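> Mind looking over this structure? Questions follow.
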Amino acid sequence: MKNLNQFLVCLFLSLLSVVGQAQRNTPYFVKHLQFSGNESLEQKAVMAARLIPSSQQLEWQKMELTAFLHFGINTFTGREWGDGTEDPALFNPTDLDAEQWVRTLKECGFKMVLLTAKHHDGFCLWPTKTTKHSVASSPWKNGKGDVVRELRDACSKYGMKFGVYLSPWDRNASCYGNSPEYNKFFVAQLTELLTNYGEVHEVWFDGANGEGPNGKKQEYDWDTFYKTIQRLQPKAVMAIMGDDVRWVGNEKGLGRDTEWSATVLTPGIYARSKENNKRLGVYETATDLGSRKMLENATELFWYPSEVDVSIRPGWFWHEEENSKIKSLKQLSDIYFRSVGYNSVLLLNIPPDRRGLINEADISRLKEFAAYRQQVFCDNKLINGNTYWKAAQGEKHVYTVRQNTPVNVVMLQEDISKGQRVENFIIEAWLNGSWQLLGKGTTIGYKRMLRFPEVMTDSLRICIESTRLDANIMNVAAYYAQPLIDEEQLTTWNNLSRDSWKKISVSPLTVDFGKTVTVKAFTYAPLNEEAKPTMAYHYKLYISLNGTDWQEVISNGEFSNIMHNPLPQTVALPQSKQARYIKIEATTPNASTAVIELEELGVTVISDDNK
């Protein structure tokens, strides 16, 4: 009997060793996995569960809240997109203080700052050797200034991470459109930024690709651009036109209800991306990027998490007239719950003003926003929420809520270092002697927050309804978020009653105001703030007193960035003009004829000459 007992003990220990070794040898796929083509759907789901982020991607996700600083020549011209012909002498901030930027942002909970080192106008905020179109040709600090250096030094002083945006589209560079020559030019600029300013944590490219000064479009050498980043800043994440961080698909600050970081979407820098994504029917704004249905025909998967970008103002650059149009606390709060709370990182733009300072109005709202988050998230109502839970499909776990405390938010977090696995979950509360549904969700990922009407309960129950392998739930929390009421949003972009308006023609849109007025400005406001294929981009504006004789007032107009940020854009006329009729000839971003609805046109009138 003694020998038998010893044998059983040895066998048990051996089995434990085998199981432990199997767990240690569980294969993970870092950032990317390729299917062989022979896997069943269930086998694909198991492999997808073991796709994990790179160390850089994991650290990036943990930041949650980052800041964009749109600052440059547009700050001084009042435009959103410059055309590259601006005089560098316009750039002359009177009190630029990068420490004020970083100090403010750090105090308000931001973890990284990204600067528009060069926007589409080509004006460089550092004294580059590649072009004279830079701060070196401006009166600021007698041409000896370097905004990038000042921001980098401020980030070092305050322990803030640092990133750069470098626009591939350059409307000033004469070589733009000469693809080999411009690509060398761009790599030289990128090299300067990545070698002269210490560690860079994020490099942010958009895919902007318009015409240059020679009227030609550029073919970007993305492969060389990214090899340059990987060589010079191997720890930096490459965002948007990269394979580390994915654009969520809008500039409204809103993520998806179902946000997979393990996605079938092939990053655009890969030559096969167009073919892969077309075959799967996926694109940046698609609602489903990673479900089991999408796995069926997928040949590969990427860990490609979502970044949600939005501006605290209607525009991306500072404009004085927008000082009173900063997003309300309720708007920022909703954005936060629908970005960070939807398994994304929030990149919030806060543009410095012409002084070179974050404006007082923005600071006030940022502090209000920070105080609200602190109030909500400093007080976890659960007693046992941080217990690590390895949840099998269908498994439920009960959490104890502190007595006499209301809750209206539940937060769940997966340990994404072991993959993103949860496909569906439900939240219930013990009310009146039974479990009652509070809400349902799909993906969790790094962080998922679900809001619901407040309840008083002593217990919450989480059920993992569907998961790919066992889910690794690392944290569950419950909070009470004070409901916010938004102040009334006033429409200020049209002050001439449409009661007397008459549409003369649809294309081009021609309108009879019914009386002669003095027009100071006009506004294009896409319906419902939604992008559409027929929206206007380039335009010409005409006015007339009799509907027959037309005067061209604006000949080469452009609604900058309207396709990604379809908010009202107001354009001041070069000088106020009397008019009874107005006509807009417009083309879409694809150069086809645009369609502008009557409701999308507004005018700012300074006098009514018939009164």
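Letters A, B, ... mark the chains of the structure tokens in the order given; residue numbers begin at 1 per chain; ligand numbers begin at 1, in order shown.
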So that I can see what lies close to Thr94 in chain A, please list as number ranges by chain the residues with an atom at most 9 Å from it, counting only C-alpha atoms and leaving out residues fewer than 5 positions away in the same chain.
A: 140, 354-356
> I'd like the contact shell of Thr287 in chain A - 9 Å cut-off, only C-alpha atoms, skipping same-chain residues fewer than 3 positions apart - returned as a list in words.
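Skipping anything fewer than 3 positions along the chain leaves Arg256, Asp257, Thr258, Glu259, Val282, Tyr283 and Glu284 of chain A.
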> Residues of the last selection are to be written out with N, CA and C atoms, as a PDB file, in the first residue's frame.

ATOM      1  N   ARG A 256     -16.541  52.124 -31.630  1.00  0.00           N
ATOM      2  CA  ARG A 256     -17.590  51.155 -31.949  1.00  0.00           C
ATOM      3  C   ARG A 256     -18.082  50.465 -30.679  1.00  0.00           C
ATOM      4  N   ASP A 257     -19.355  50.069 -30.671  1.00  0.00           N
ATOM      5  CA  ASP A 257     -19.870  49.237 -29.589  1.00  0.00           C
ATOM      6  C   ASP A 257     -19.107  47.915 -29.529  1.00  0.00           C
ATOM      7  N   THR A 258     -18.741  47.415 -30.696  1.00  0.00           N
ATOM      8  CA  THR A 258     -17.958  46.182 -30.795  1.00  0.00           C
ATOM      9  C   THR A 258     -16.612  46.536 -31.410  1.00  0.00           C
ATOM     10  N   GLU A 259     -15.575  46.603 -30.564  1.00  0.00           N
ATOM     11  CA  GLU A 259     -14.258  47.065 -31.030  1.00  0.00           C
ATOM     12  C   GLU A 259     -13.224  45.965 -30.820  1.00  0.00           C
ATOM     13  N   VAL A 282     -14.134  44.815 -45.884  1.00  0.00           N
ATOM     14  CA  VAL A 282     -13.881  45.631 -44.697  1.00  0.00           C
ATOM     15  C   VAL A 282     -13.154  46.913 -45.080  1.00  0.00           C
ATOM     16  N   TYR A 283     -13.326  47.915 -44.260  1.00  0.00           N
ATOM     17  CA  TYR A 283     -12.723  49.218 -44.467  1.00  0.00           C
ATOM     18  C   TYR A 283     -12.699  49.915 -43.108  1.00  0.00           C
ATOM     19  N   GLU A 284     -12.068  51.098 -43.043  1.00  0.00           N
ATOM     20  CA  GLU A 284     -11.829  51.740 -41.748  1.00  0.00           C
ATOM     21  C   GLU A 284     -13.103  51.986 -40.954  1.00  0.00           C
TER      22      GLU A 284
END
> Quick one: distance from CA of Lys62 in chain A to CA of Arg50 in chain A in Å, one decimal?
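One can read the CA of Lys62 in chain A to CA of Arg50 in chain A distance as 19.4 Å.
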> Within 7 Å of Ala471 in chain A, counting only C-alpha atoms, which residues show up once you throw out same-chain ones fewer than 2 positions away? Write them as a list in words, please.
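Contacts, with the query itself left out: Lys390, Ala391, Ala392, Arg421, Val422, Thr467, Leu469 and Ile473 of chain A.
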> Put those residues in a file: N, CA and C atoms, as a short mmCIF file (atom, residue, chain, number, x, y, z; two decimals), in the first residue's frame.

data_model
loop_
_atom_site.label_atom_id
_atom_site.label_comp_id
_atom_site.auth_asym_id
_atom_site.auth_seq_id
_atom_site.Cartn_x
_atom_site.Cartn_y
_atom_site.Cartn_z
N LYS A 390 -10.42 33.82 -14.35
CA LYS A 390 -10.27 33.09 -15.61
C LYS A 390 -11.62 32.47 -15.91
N ALA A 391 -12.35 33.10 -16.83
CA ALA A 391 -13.77 32.78 -17.03
C ALA A 391 -14.00 31.88 -18.23
N ALA A 392 -14.59 30.74 -17.98
CA ALA A 392 -15.01 29.86 -19.07
C ALA A 392 -16.31 30.38 -19.67
N ARG A 421 -10.55 38.14 -25.90
CA ARG A 421 -11.28 36.88 -26.05
C ARG A 421 -12.80 36.99 -25.91
N VAL A 422 -13.28 37.91 -25.12
CA VAL A 422 -14.72 37.96 -24.84
C VAL A 422 -15.49 38.43 -26.08
N THR A 467 -16.99 33.37 -25.45
CA THR A 467 -15.58 33.75 -25.42
C THR A 467 -14.76 32.78 -26.27
N LEU A 469 -11.69 30.67 -26.09
CA LEU A 469 -10.92 30.13 -24.97
C LEU A 469 -11.38 30.82 -23.68
N ILE A 473 -10.25 37.92 -17.18
CA ILE A 473 -10.81 39.17 -16.66
C ILE A 473 -9.93 39.65 -15.51
#
> Residues of range 60-152 of chain A that have any atom at most 12 Å from an atom of range 294-306 of chain A: could you tabulate them with the shortest-distance atom pair and the distance in Å to one decimal, using only C-alpha atoms, ordered by chain and increasing number, as a tab-separated table?

residue	atom	partner	partner_atom	distance
A:Trp60	CA	A:Pro305	CA	9.7
A:Gln61	CA	A:Pro305	CA	8.0
A:Lys62	CA	A:Pro305	CA	11.8
A:Glu64	CA	A:Ser306	CA	10.9
> Suppose we keep N, CA and C atoms; can you now write the selection as a compact mmCIF listing (two decimals), in the first residue's frame?

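Saved the output as selection_16.txt:
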# COMPACT_ATOMS: atom_id res chain seq x y z
N TRP A 60 1.14 51.58 -25.17
CA TRP A 60 0.32 52.63 -25.80
C TRP A 60 -1.12 52.54 -25.31
N GLN A 61 -1.69 51.33 -25.27
CA GLN A 61 -3.08 51.16 -24.86
C GLN A 61 -3.29 51.63 -23.43
N LYS A 62 -2.32 51.42 -22.57
CA LYS A 62 -2.45 51.77 -21.17
C LYS A 62 -2.51 53.28 -20.95
N GLU A 64 -4.40 55.49 -22.49
CA GLU A 64 -5.83 55.81 -22.52
C GLU A 64 -6.15 57.21 -23.05
> I'd like the neighbourhood of range 214-231 of chain A as a PyMOL selection string, where a residue qualifies if any of its atoms comes within 10 Å (using only C-alpha atoms), though same-chain residues fewer than 5 positions away should be ignored.
chain A and resi 168-180+182-184+186-188+190-191+194+200+202-203+207+209+236-238+241-243+268-271
> Write out as a PyMOL selection string all residues of range 290-458 of chain A that DSSP puts in strand (DSSP E or B) for this structure's backbone.
chain A and resi 300-303+306-311+342+344-349+382+389-391+396-401+406-414+422-431+434-441+448-456
> Leaving out Lys325 in chain A and any residue of its chain fewer than 4 positions from it, which residues lie within 10 Å of it when counting only C-alpha atoms, given as number ranges by chain?
A: 312-315, 320-321, 361-362, 489-490
> Could you write out that same residue set with C-alpha atoms as a JSON list (two decimals), in the first residue's frame?

[["chain", "number", "residue", "atom", "x", "y", "z"],
["A", 312, "ILE", "CA", -12.06, 70.02, -28.36],
["A", 313, "ARG", "CA", -13.20, 72.74, -30.80],
["A", 314, "PRO", "CA", -15.12, 72.57, -34.08],
["A", 315, "GLY", "CA", -11.84, 73.00, -35.98],
["A", 320, "GLU", "CA", -10.71, 83.09, -32.15],
["A", 321, "GLU", "CA", -14.37, 82.80, -33.12],
["A", 361, "ALA", "CA", -11.25, 78.71, -22.38],
["A", 362, "ASP", "CA", -9.77, 75.33, -23.28],
["A", 489, "GLN", "CA", -26.34, 74.49, -28.57],
["A", 490, "LEU", "CA", -27.23, 77.48, -30.71]]
